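Shown below: model-v1.txt, with compact mmCIF, C-alpha atoms.
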# COMPACT_ATOMS: atom_id res chain seq x y z
CA MET A 113 -31.33 -10.41 -6.49
CA LEU A 114 -28.81 -12.76 -4.94
CA VAL A 115 -27.61 -12.11 -1.39
CA THR A 116 -25.15 -14.50 0.24
CA SER A 117 -22.91 -14.44 3.29
CA GLY A 118 -20.19 -16.17 1.26
CA ASP A 119 -18.46 -15.39 -2.00
CA ILE A 120 -19.65 -15.26 -5.60
CA ARG A 121 -17.31 -16.44 -8.35
CA VAL A 122 -18.29 -15.77 -11.97
CA LYS A 123 -16.85 -18.48 -14.22
CA PRO A 124 -14.96 -17.45 -17.39
CA ASN A 125 -17.57 -18.90 -19.77
CA VAL A 126 -20.36 -16.70 -18.33
CA THR A 127 -21.02 -13.79 -20.71
CA ASN A 128 -24.11 -12.11 -19.23
CA VAL A 129 -25.71 -11.79 -15.78
CA ASP A 130 -28.79 -9.81 -14.81
CA GLY A 131 -29.54 -8.69 -11.27
CA LEU A 132 -28.22 -7.26 -8.06
CA PHE A 133 -25.56 -9.49 -6.52
CA VAL A 134 -24.46 -9.02 -2.89
CA ALA A 135 -21.70 -11.08 -1.25
CA GLU A 136 -18.63 -10.86 0.96
CA THR A 137 -16.47 -10.89 -2.19
CA ILE A 138 -17.33 -11.13 -5.87
CA THR A 139 -14.68 -12.35 -8.31
CA THR A 140 -14.70 -12.70 -12.08
CA GLU A 141 -12.48 -15.63 -13.01
CA VAL A 142 -10.16 -15.80 -16.02
CA ALA A 143 -9.98 -18.52 -18.67
CA ASN A 144 -6.23 -19.03 -18.35
CA PRO A 145 -4.65 -17.78 -15.10
CA ALA A 146 -1.16 -18.51 -16.47
CA LYS A 147 -1.44 -15.71 -19.06
CA THR A 148 0.14 -12.37 -18.30
CA MET A 149 -1.82 -9.11 -18.39
CA GLY A 150 -2.57 -8.12 -21.97
CA ASP A 151 -2.37 -11.70 -23.29
CA GLY A 152 -5.79 -12.73 -22.03
CA GLU A 153 -8.19 -15.06 -23.77
CA ASP A 154 -11.33 -14.08 -21.90
CA ILE A 155 -14.71 -13.06 -23.26
CA GLN A 156 -16.52 -9.91 -22.18
CA LEU A 157 -18.87 -10.15 -19.20
CA VAL A 158 -21.94 -7.88 -19.35
CA VAL A 159 -23.63 -7.22 -16.01
CA ASN A 160 -27.12 -5.73 -16.26
CA GLY A 161 -27.33 -4.56 -12.67
CA SER A 162 -24.77 -4.28 -9.88
CA PHE A 163 -22.16 -6.17 -7.88
CA ILE A 164 -21.92 -5.25 -4.19
CA GLY A 165 -19.01 -6.81 -2.32
CA TRP A 166 -18.73 -6.08 1.39
CA THR A 167 -15.00 -6.75 1.26
CA GLU A 168 -14.10 -6.71 -2.43
CA VAL A 169 -15.24 -6.85 -6.03
CA ASP A 170 -12.32 -8.33 -7.97
CA LEU A 171 -12.59 -7.87 -11.75
CA ASN A 172 -9.97 -10.09 -13.40
CA ARG A 173 -11.03 -10.68 -16.98
CA ASP A 174 -8.49 -9.81 -19.65
CA LEU A 175 -9.50 -9.66 -23.30
CA GLY A 176 -5.90 -9.35 -24.40
CA CYS A 177 -4.66 -7.30 -27.34
CA SER A 178 -5.30 -9.74 -30.20
CA ASN A 179 -8.33 -11.69 -28.96
CA PRO A 180 -10.82 -12.19 -31.84
CA ALA A 181 -13.72 -11.88 -29.36
CA GLY A 182 -12.64 -8.30 -28.59
CA ASN A 183 -9.64 -6.68 -26.97
CA ASN A 184 -8.72 -4.41 -24.09
CA THR A 185 -8.00 -1.53 -26.43
CA PHE A 186 -11.58 -1.10 -27.67
CA MET A 187 -13.89 -2.71 -25.12
CA PRO A 188 -14.01 -3.36 -21.38
CA ALA A 189 -13.54 -6.91 -20.14
CA GLU A 190 -16.37 -6.35 -17.64
CA LYS A 191 -19.18 -4.02 -18.69
CA PHE A 192 -21.76 -2.85 -16.15
CA ILE A 193 -25.12 -1.45 -17.24
CA TYR A 194 -26.50 0.27 -14.18
CA ASN A 195 -30.22 -0.14 -13.56
CA PRO A 196 -31.43 2.22 -10.80
CA LYS A 197 -34.74 0.34 -10.52
CA MET A 198 -32.93 -2.55 -8.86
CA VAL A 199 -31.60 -0.30 -6.11
CA LEU A 200 -34.82 1.67 -5.72
CA ASN A 201 -36.79 -1.57 -5.27
CA LEU A 202 -34.71 -2.26 -2.15
CA ARG A 203 -36.64 0.47 -0.36
CA THR A 204 -39.65 -1.85 -0.29
CA MET A 205 -37.69 -4.53 1.61
CA PRO A 206 -37.11 -3.54 5.28
CA GLU A 207 -34.89 -6.58 5.88
CA LEU A 208 -32.38 -5.07 3.42
CA ALA A 209 -32.24 -1.61 5.00
CA VAL A 210 -28.43 -1.64 5.04
CA LEU A 211 -28.47 -1.67 1.23
CA GLN A 212 -30.73 1.34 0.98
CA GLU A 213 -27.87 3.80 1.42
CA SER A 214 -26.34 5.01 -1.83
CA LYS A 215 -22.55 5.16 -1.52
CA TYR A 216 -20.53 4.97 -4.70
CA SER A 217 -16.83 4.89 -5.29
CA TRP A 218 -15.76 5.20 -8.91
CA GLU A 219 -12.18 4.87 -10.00
CA GLU A 220 -10.67 4.69 -13.46
CA VAL A 221 -7.46 2.71 -13.60
CA ASN A 222 -4.96 2.08 -16.37
CA PRO A 223 -4.99 -1.49 -17.72
Using structure tokens, write down the structure that the file contains.
Amino acid sequence: MLVTSGDIRVKPNVTNVDGLFVAETITTEVANPAKTMGDGEDIQLVVNGSFIGWTEVDLNRDLGCSNPAGNNTFMPAEKFIYNPKMVLNLRTMPELAVLQESKYSWEEVNP
């Protein structure tokens, strides 16, 4: 578990993170910010756990349409594998009581 009062930025060369990450904002960075949507060169990020951003979780990776590492058509640029044990373990930590509430907001958006 990583809890910070600042921001977390996940660099484009990171492919896998495990844990529960809590910050003001969490941002996944792109390999080439000059590329337009759909022309990305990024690699998939797999998160085994959760991102909790008090203000924002900003998922920016773009696999593009012809990227040999995978593309937006067949795989997500950021893949989250939810592990409820990480959240349930928070109940044993009184100093993190604010995180013990389960509030989820799911939204599917078009790429």
Exercise for review: Between A:Lys197, A:Phe192, A:Glu141, A:Thr185, single out the one closest to Asn222 in chain A, counting all atoms listed in the file.
Suggested key: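 Checking each of A:Lys197, A:Phe192, A:Glu141, A:Thr185 against Asn222 in chain A, counting all atoms listed in the file, the winner is A:Thr185.
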Mind listing whatever residues come within 12 Å of the point (-14.5, -5.9, -8.6)? Use only C-alpha atoms, file coordinates, and give them as a PDB file with C-alpha atoms, keeping the file's coordinate frame.
ATOM      1  CA  ILE A 120     -19.650 -15.260  -5.600  1.00  0.00           C
ATOM      2  CA  ARG A 121     -17.310 -16.440  -8.350  1.00  0.00           C
ATOM      3  CA  VAL A 122     -18.290 -15.770 -11.970  1.00  0.00           C
ATOM      4  CA  PHE A 133     -25.560  -9.490  -6.520  1.00  0.00           C
ATOM      5  CA  VAL A 134     -24.460  -9.020  -2.890  1.00  0.00           C
ATOM      6  CA  ALA A 135     -21.700 -11.080  -1.250  1.00  0.00           C
ATOM      7  CA  GLU A 136     -18.630 -10.860   0.960  1.00  0.00           C
ATOM      8  CA  THR A 137     -16.470 -10.890  -2.190  1.00  0.00           C
ATOM      9  CA  ILE A 138     -17.330 -11.130  -5.870  1.00  0.00           C
ATOM     10  CA  THR A 139     -14.680 -12.350  -8.310  1.00  0.00           C
ATOM     11  CA  THR A 140     -14.700 -12.700 -12.080  1.00  0.00           C
ATOM     12  CA  GLU A 141     -12.480 -15.630 -13.010  1.00  0.00           C
ATOM     13  CA  VAL A 159     -23.630  -7.220 -16.010  1.00  0.00           C
ATOM     14  CA  SER A 162     -24.770  -4.280  -9.880  1.00  0.00           C
ATOM     15  CA  PHE A 163     -22.160  -6.170  -7.880  1.00  0.00           C
ATOM     16  CA  ILE A 164     -21.920  -5.250  -4.190  1.00  0.00           C
ATOM     17  CA  GLY A 165     -19.010  -6.810  -2.320  1.00  0.00           C
ATOM     18  CA  TRP A 166     -18.730  -6.080   1.390  1.00  0.00           C
ATOM     19  CA  THR A 167     -15.000  -6.750   1.260  1.00  0.00           C
ATOM     20  CA  GLU A 168     -14.100  -6.710  -2.430  1.00  0.00           C
ATOM     21  CA  VAL A 169     -15.240  -6.850  -6.030  1.00  0.00           C
ATOM     22  CA  ASP A 170     -12.320  -8.330  -7.970  1.00  0.00           C
ATOM     23  CA  LEU A 171     -12.590  -7.870 -11.750  1.00  0.00           C
ATOM     24  CA  ASN A 172      -9.970 -10.090 -13.400  1.00  0.00           C
ATOM     25  CA  ARG A 173     -11.030 -10.680 -16.980  1.00  0.00           C
ATOM     26  CA  ALA A 189     -13.540  -6.910 -20.140  1.00  0.00           C
ATOM     27  CA  GLU A 190     -16.370  -6.350 -17.640  1.00  0.00           C
ATOM     28  CA  LYS A 191     -19.180  -4.020 -18.690  1.00  0.00           C
ATOM     29  CA  PHE A 192     -21.760  -2.850 -16.150  1.00  0.00           C
ATOM     30  CA  SER A 217     -16.830   4.890  -5.290  1.00  0.00           C
ATOM     31  CA  TRP A 218     -15.760   5.200  -8.910  1.00  0.00           C
ATOM     32  CA  GLU A 219     -12.180   4.870 -10.000  1.00  0.00           C
TER      33      GLU A 219
END
Review point. If you measure from CA of Pro124 in chain A to CA of Gly176 in chain A, what distance in Å do you get, rounded to one decimal?
Key: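 Calculated distance between CA of Pro124 in chain A and CA of Gly176 in chain A is 14.0 Å.
Closest to Asn160 in chain A among A:Cys177, A:Val142, A:Leu132, A:Val115 is A:Leu132, based on all atoms listed in the file.
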Exercise for review: Could you check which of A:Val158, A:Val199, A:Met113, A:Glu153 is closest to Ser178 in chain A, using only C-alpha atoms?
Suggested key: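 Looking at the shortest contact to Ser178 in chain A, the residue is A:Glu153.
Atom pair CA of Leu175 in chain A / CA of Tyr194 in chain A has a distance of 21.7 Å (rounded to one decimal).
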Point to revise | Atom pair CA of Val126 in chain A / CA of Leu157 in chain A: separation (Å) | key: 6.8 Å
Practice item. Go through A:Gly131, A:Asn144, A:Gly152, A:Glu220 and flag the residue nearest Asn195 in chain A, using all atoms listed in the file for the distances. Key: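 Once distances to Asn195 in chain A are computed over all atoms listed in the file, the minimum belongs to A:Gly131.
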Review point. In terms of the shortest atom-to-atom distance over all atoms listed in the file, which of A:Ile155, A:Val221, A:Leu200, A:Met187 is closest to Asn128 in chain A?
Key: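 Once distances to Asn128 in chain A are computed over all atoms listed in the file, the minimum belongs to A:Ile155.
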